[in-house]
Amino acid sequence: MWDVACPQRPSRVAGVTMAGFRVRDLEALRIVPHPAVTLLLEFGAGSPVLDCADGRQERGSIVAGPGLGSAGAVRARGENVECLQVRLSPVIARAVLGVSPADLDGAVVSLGDLWGREASRIREQLGDVSSWQDRFVLADALLARRHEAGPPVDPEVAWAWHRIAVSRGLARVDELAAEVGWSRKRLWSRFRSQLGLPPKRAVKLVRFDHAAHRLVAGEGAAQVAADTGYADQSHLHRDVMAFTGATPATVAGEPFLAVDDIAWPTRGTTANPPACVGRLALTRTGPPS
C-alpha cells in the first residue's frame with residue numbers, strides 16, 4: 001500500500017515538482033523512464049534500494065538523470081520506505097545539483113557522493129518534522145537556494161527543451177535548431193552537455209511519457225499511437241519495449257505510472273496544484289497533515 005502526499009503550493013523554482021511517499025512493502029517495482037532528473041530524499045527508518053542492471057545496488061538518497069530505468073534496467077524495493085521524490089526539469093538540474101546531468105551519464109548516483117554533508121543534513125531535517133507540508137517547505141528552500149547559486153543553461157537550450165516539452169515530443173530537431181539560430185550540430189552538442197541527453201533522445205522520451213500515461217488511463221494502443229506521433233501501433237510497441245522492457249499492455253498496469261495522478265495531479269501544467277493525499281487505489285482524502 002502506498003500513501004502519497006503532494007504540496008499545497010507550487011515550488012518557488014519553475015521546473016521543480018515534489019511528492020511524498022510512504023510505502024510499507026516495496027517489492028521489485030519497475031522504474032519507468034520519465035523526462036526529468038530524479039532526486040530521491042529518504043529519511044525514514046527503512047531505506048529504498050535500487051537494483052541496477054549491472055548488479056550495482058544504490059541505497060538511500062539518490063539522483064539520476066532523465067530516462068532512469070530505460071529498458072526496464074532498474075527496480076526499486078524496500079520496507080517501511082519514507083521519502084520525498086523531486087522531479088527536476090533538465091533545464092534547472094545543473095544549477096540545483098551542482099553538476100550537469102550529462103556528468104551522471106545515465107547512472108544512479110548516491111546523493112551523498114554529490115552533495116556531501118548537505119545530503120546528511122537534509123535527511124536529518126526531513127526526519128525531524130512530522131508534517132509532509134513542512135518537509136516540502138524544507139526541501140523547496142534547499143532547492144531554491146541551490147538553484148539561485150548555480151549556473152543556468154544557455155537560453156537557446158532552455159527554449160529547445162521547452163518546445164519539446166510543450167509539443168509532447170512532436171518537435172523536430174532540425175526546426176528547433178533553425179528557431180534558435182544554431183546549426184543542428186551545435187544544438188546537439190550544447191543540449192547534450194547541459195541537459196544530459198541529445199535532442200532526439202529527449203523528443204523520444206517526452207513522446208513516450210505522454211503515450212505511456214494515456215495507456216495507463218485506459219486508452220487503446222492503436223488510438224494512443226495515432227494521437228501521439230507514432231507511425232503505427234507497432235512503432236509504439238517497439239518504443240515502449242525499448243524504454244521499459246515490457247509490452248504496452250504490461251506498462252498500462254504499472255504502479256509506478258498509476259500513482260502519478262495522485263503524486264503529480266496536474267502533470268506540471270498549472271501554477272497552483274492542489275494539496276492531496278492518496279493511495280495507489282487513486283482515492284483521496286483531505287489535505288495531508
# chains A, B, ... in the order shown; residues from 1 in each chain; ligands from 1
>>> residues_around(residues="stretch 67-74 of chain A", least_positions_apart="3", cutoff="10 Å", atoms="only C-alpha atoms", output="JSON, numbers by chain")
{"A": [28, 29, 30, 31, 32, 33, 34, 35, 36, 37, 38, 50, 51, 52, 53, 54, 55, 56, 57, 63, 64, 106, 107, 108, 196, 197, 201, 202, 205, 206, 209, 239, 240, 241, 242, 243, 244, 245, 246]}
>>> closest_atom_pairs(of="stretch 183-218 of chain A", to="stretch 159-167 of chain A", cutoff="9 Å", atoms="only C-alpha atoms", output="tab-separated table")
residue	atom	partner	partner_atom	distance
A:Leu187	CA	A:Ala160	CA	8.6
A:Phe191	CA	A:Ala160	CA	8.4
A:Leu195	CA	A:Trp161	CA	8.9
A:Pro199	CA	A:Trp161	CA	8.1
A:Ala202	CA	A:Ile164	CA	7.5
A:Val203	CA	A:Ile164	CA	6.1
A:Val206	CA	A:Ala165	CA	6.5
A:Arg207	CA	A:Ser167	CA	8.7
>>> closest_residue(among="A:Gly181, A:Gly229, A:Pro151, A:Gly220", to="A:Gly169", atoms="only C-alpha atoms")
A:Gly229
>>> residues_around(residues="stretch 94-98 of chain A", least_positions_apart="2", cutoff="6 Å", atoms="only C-alpha atoms", output="list of chain:residue names")
A:Ile92, A:Ser100, A:Arg146, A:His147, A:Gly150, A:Pro151
>>> atom_distance(atom1="atom CA of A:Met18", atom2="atom CA of A:Cys6")
6.5 Å
>>> residues_around(residues="A:Val49", least_positions_apart="4", cutoff="8 Å", atoms="only C-alpha atoms", output="PyMOL selection string")
chain A and resi 57-60+76-78
>>> select_by_dssp(residues="stretch 38-209 of chain A", states="strand (DSSP E)", output="PDB file with C-alpha atoms, in the first residue's frame")
ATOM      1  CA  THR A  38      15.042  12.322 -10.348  1.00  0.00           C
ATOM      2  CA  LEU A  39      16.106  13.292  -6.846  1.00  0.00           C
ATOM      3  CA  LEU A  40      15.078  10.901  -4.065  1.00  0.00           C
ATOM      4  CA  LEU A  41      15.396  12.188  -0.494  1.00  0.00           C
ATOM      5  CA  GLU A  42      14.818   9.385   2.005  1.00  0.00           C
ATOM      6  CA  VAL A  49      17.112   0.062  -2.637  1.00  0.00           C
ATOM      7  CA  LEU A  50      17.602   0.438  -6.385  1.00  0.00           C
ATOM      8  CA  ASP A  51      18.809  -2.670  -8.180  1.00  0.00           C
ATOM      9  CA  CYS A  52      20.572  -1.729 -11.417  1.00  0.00           C
ATOM     10  CA  GLN A  57      22.745  -1.504  -5.657  1.00  0.00           C
ATOM     11  CA  GLU A  58      22.132   2.039  -4.517  1.00  0.00           C
ATOM     12  CA  ARG A  59      20.590   2.641  -1.102  1.00  0.00           C
ATOM     13  CA  ILE A  62      19.958   9.145  -4.857  1.00  0.00           C
ATOM     14  CA  VAL A  63      19.962  11.255  -8.002  1.00  0.00           C
ATOM     15  CA  ALA A  64      19.595  10.041 -11.589  1.00  0.00           C
ATOM     16  CA  VAL A  74      16.195  -0.536 -12.655  1.00  0.00           C
ATOM     17  CA  ARG A  75      13.951  -1.977  -9.937  1.00  0.00           C
ATOM     18  CA  ALA A  76      13.101  -0.415  -6.590  1.00  0.00           C
ATOM     19  CA  ARG A  77      12.414  -2.278  -3.351  1.00  0.00           C
ATOM     20  CA  GLY A  78      12.440  -1.807   0.398  1.00  0.00           C
ATOM     21  CA  GLU A  79      10.376  -1.946   3.579  1.00  0.00           C
ATOM     22  CA  ASN A  80       8.940   0.947   5.558  1.00  0.00           C
ATOM     23  CA  VAL A  81      10.211   3.420   2.996  1.00  0.00           C
ATOM     24  CA  GLU A  82       9.582   7.125   3.577  1.00  0.00           C
ATOM     25  CA  CYS A  83      10.927   9.501   1.006  1.00  0.00           C
ATOM     26  CA  LEU A  84      10.376  12.717  -0.846  1.00  0.00           C
ATOM     27  CA  GLN A  85      10.752  12.431  -4.604  1.00  0.00           C
ATOM     28  CA  VAL A  86      11.716  15.510  -6.582  1.00  0.00           C
ATOM     29  CA  ARG A  87      11.436  15.816 -10.327  1.00  0.00           C
ATOM     30  CA  LEU A  88      13.762  18.429 -11.760  1.00  0.00           C
ATOM     31  CA  VAL A 108      22.180   6.296 -10.410  1.00  0.00           C
ATOM     32  CA  VAL A 109      24.418   8.271  -8.054  1.00  0.00           C
ATOM     33  CA  SER A 110      24.351   8.494  -4.273  1.00  0.00           C
TER      34      SER A 110
END
>>> atom_distance(atom1="atom CA of A:Trp2", atom2="atom CA of A:Arg24")
7.2 Å
>>> closest_residue(among="A:Ala226, A:Val99, A:Val129, A:Leu215", to="A:Leu111", atoms="only C-alpha atoms")
A:Val99
>>> atom_distance(atom1="atom CA of A:Gly20", atom2="atom CA of A:Trp264")
10.3 Å
>>> residues_around(residues="A:Asp232", least_positions_apart="6", cutoff="10 Å", atoms="only C-alpha atoms", output="JSON list (two decimals) with N, CA and C atoms, in the first residue's frame")
[["chain", "number", "residue", "atom", "x", "y", "z"],
["A", 221, "ALA", "N", -4.09, 1.05, -27.49],
["A", 221, "ALA", "CA", -2.77, 1.30, -28.05],
["A", 221, "ALA", "C", -2.84, 1.90, -29.45],
["A", 222, "ALA", "N", -3.79, 1.44, -30.27],
["A", 222, "ALA", "CA", -3.89, 1.96, -31.63],
["A", 222, "ALA", "C", -4.22, 3.45, -31.62],
["A", 223, "GLN", "N", -5.16, 3.86, -30.77],
["A", 223, "GLN", "CA", -5.54, 5.26, -30.70],
["A", 223, "GLN", "C", -4.41, 6.11, -30.12],
["A", 224, "VAL", "N", -3.73, 5.58, -29.10],
["A", 224, "VAL", "CA", -2.61, 6.30, -28.50],
["A", 224, "VAL", "C", -1.52, 6.51, -29.54],
["A", 225, "ALA", "N", -1.21, 5.48, -30.30],
["A", 225, "ALA", "CA", -0.18, 5.60, -31.33],
["A", 225, "ALA", "C", -0.54, 6.67, -32.35],
["A", 226, "ALA", "N", -1.79, 6.67, -32.77],
["A", 226, "ALA", "CA", -2.24, 7.63, -33.79],
["A", 226, "ALA", "C", -2.19, 9.06, -33.27]]
>>> select_by_dssp(residues="stretch 84-225 of chain A", states="helix (DSSP H, G or I)", output="VMD selection string")
chain A and resid 90 to 97 101 to 104 111 to 115 117 to 128 132 to 149 155 to 166 173 to 180 184 to 195 199 to 216 221 to 225
>>> closest_residue(among="A:Glu175, A:Arg135, A:Trp188, A:Arg168", to="A:Pro7", atoms="only C-alpha atoms")
A:Arg135
>>> residues_around(residues="A:Asp128", least_positions_apart="5", cutoff="12 Å", atoms="only C-alpha atoms", output="list in words")
Phe43, Gly44, Arg121, Ile122, Arg123, Asp134, Arg135 and Leu138 of chain A
>>> write_last_selection(atoms="N, CA and C atoms", output="PDB file, in the first residue's frame")
ATOM      1  N   PHE A  43      14.273   9.498   4.374  1.00  0.00           N
ATOM      2  CA  PHE A  43      14.501   9.962   5.737  1.00  0.00           C
ATOM      3  C   PHE A  43      13.910   9.033   6.786  1.00  0.00           C
ATOM      4  N   GLY A  44      13.281   7.943   6.394  1.00  0.00           N
ATOM      5  CA  GLY A  44      12.579   7.091   7.344  1.00  0.00           C
ATOM      6  C   GLY A  44      13.457   6.019   7.967  1.00  0.00           C
ATOM      7  N   ARG A 121      22.451  16.412   6.161  1.00  0.00           N
ATOM      8  CA  ARG A 121      21.675  17.425   6.887  1.00  0.00           C
ATOM      9  C   ARG A 121      20.217  17.441   6.455  1.00  0.00           C
ATOM     10  N   ILE A 122      19.961  17.366   5.152  1.00  0.00           N
ATOM     11  CA  ILE A 122      18.573  17.422   4.706  1.00  0.00           C
ATOM     12  C   ILE A 122      17.824  16.157   5.131  1.00  0.00           C
ATOM     13  N   ARG A 123      18.521  15.020   5.195  1.00  0.00           N
ATOM     14  CA  ARG A 123      17.879  13.791   5.682  1.00  0.00           C
ATOM     15  C   ARG A 123      17.453  13.962   7.139  1.00  0.00           C
ATOM     16  N   ASP A 134       5.578  20.546   5.949  1.00  0.00           N
ATOM     17  CA  ASP A 134       6.839  21.093   6.458  1.00  0.00           C
ATOM     18  C   ASP A 134       8.031  20.512   5.699  1.00  0.00           C
ATOM     19  N   ARG A 135       7.929  19.237   5.350  1.00  0.00           N
ATOM     20  CA  ARG A 135       9.012  18.624   4.575  1.00  0.00           C
ATOM     21  C   ARG A 135       9.123  19.260   3.195  1.00  0.00           C
ATOM     22  N   LEU A 138      10.858  22.589   3.600  1.00  0.00           N
ATOM     23  CA  LEU A 138      12.293  22.427   3.831  1.00  0.00           C
ATOM     24  C   LEU A 138      13.024  22.112   2.522  1.00  0.00           C
TER      25      LEU A 138
END
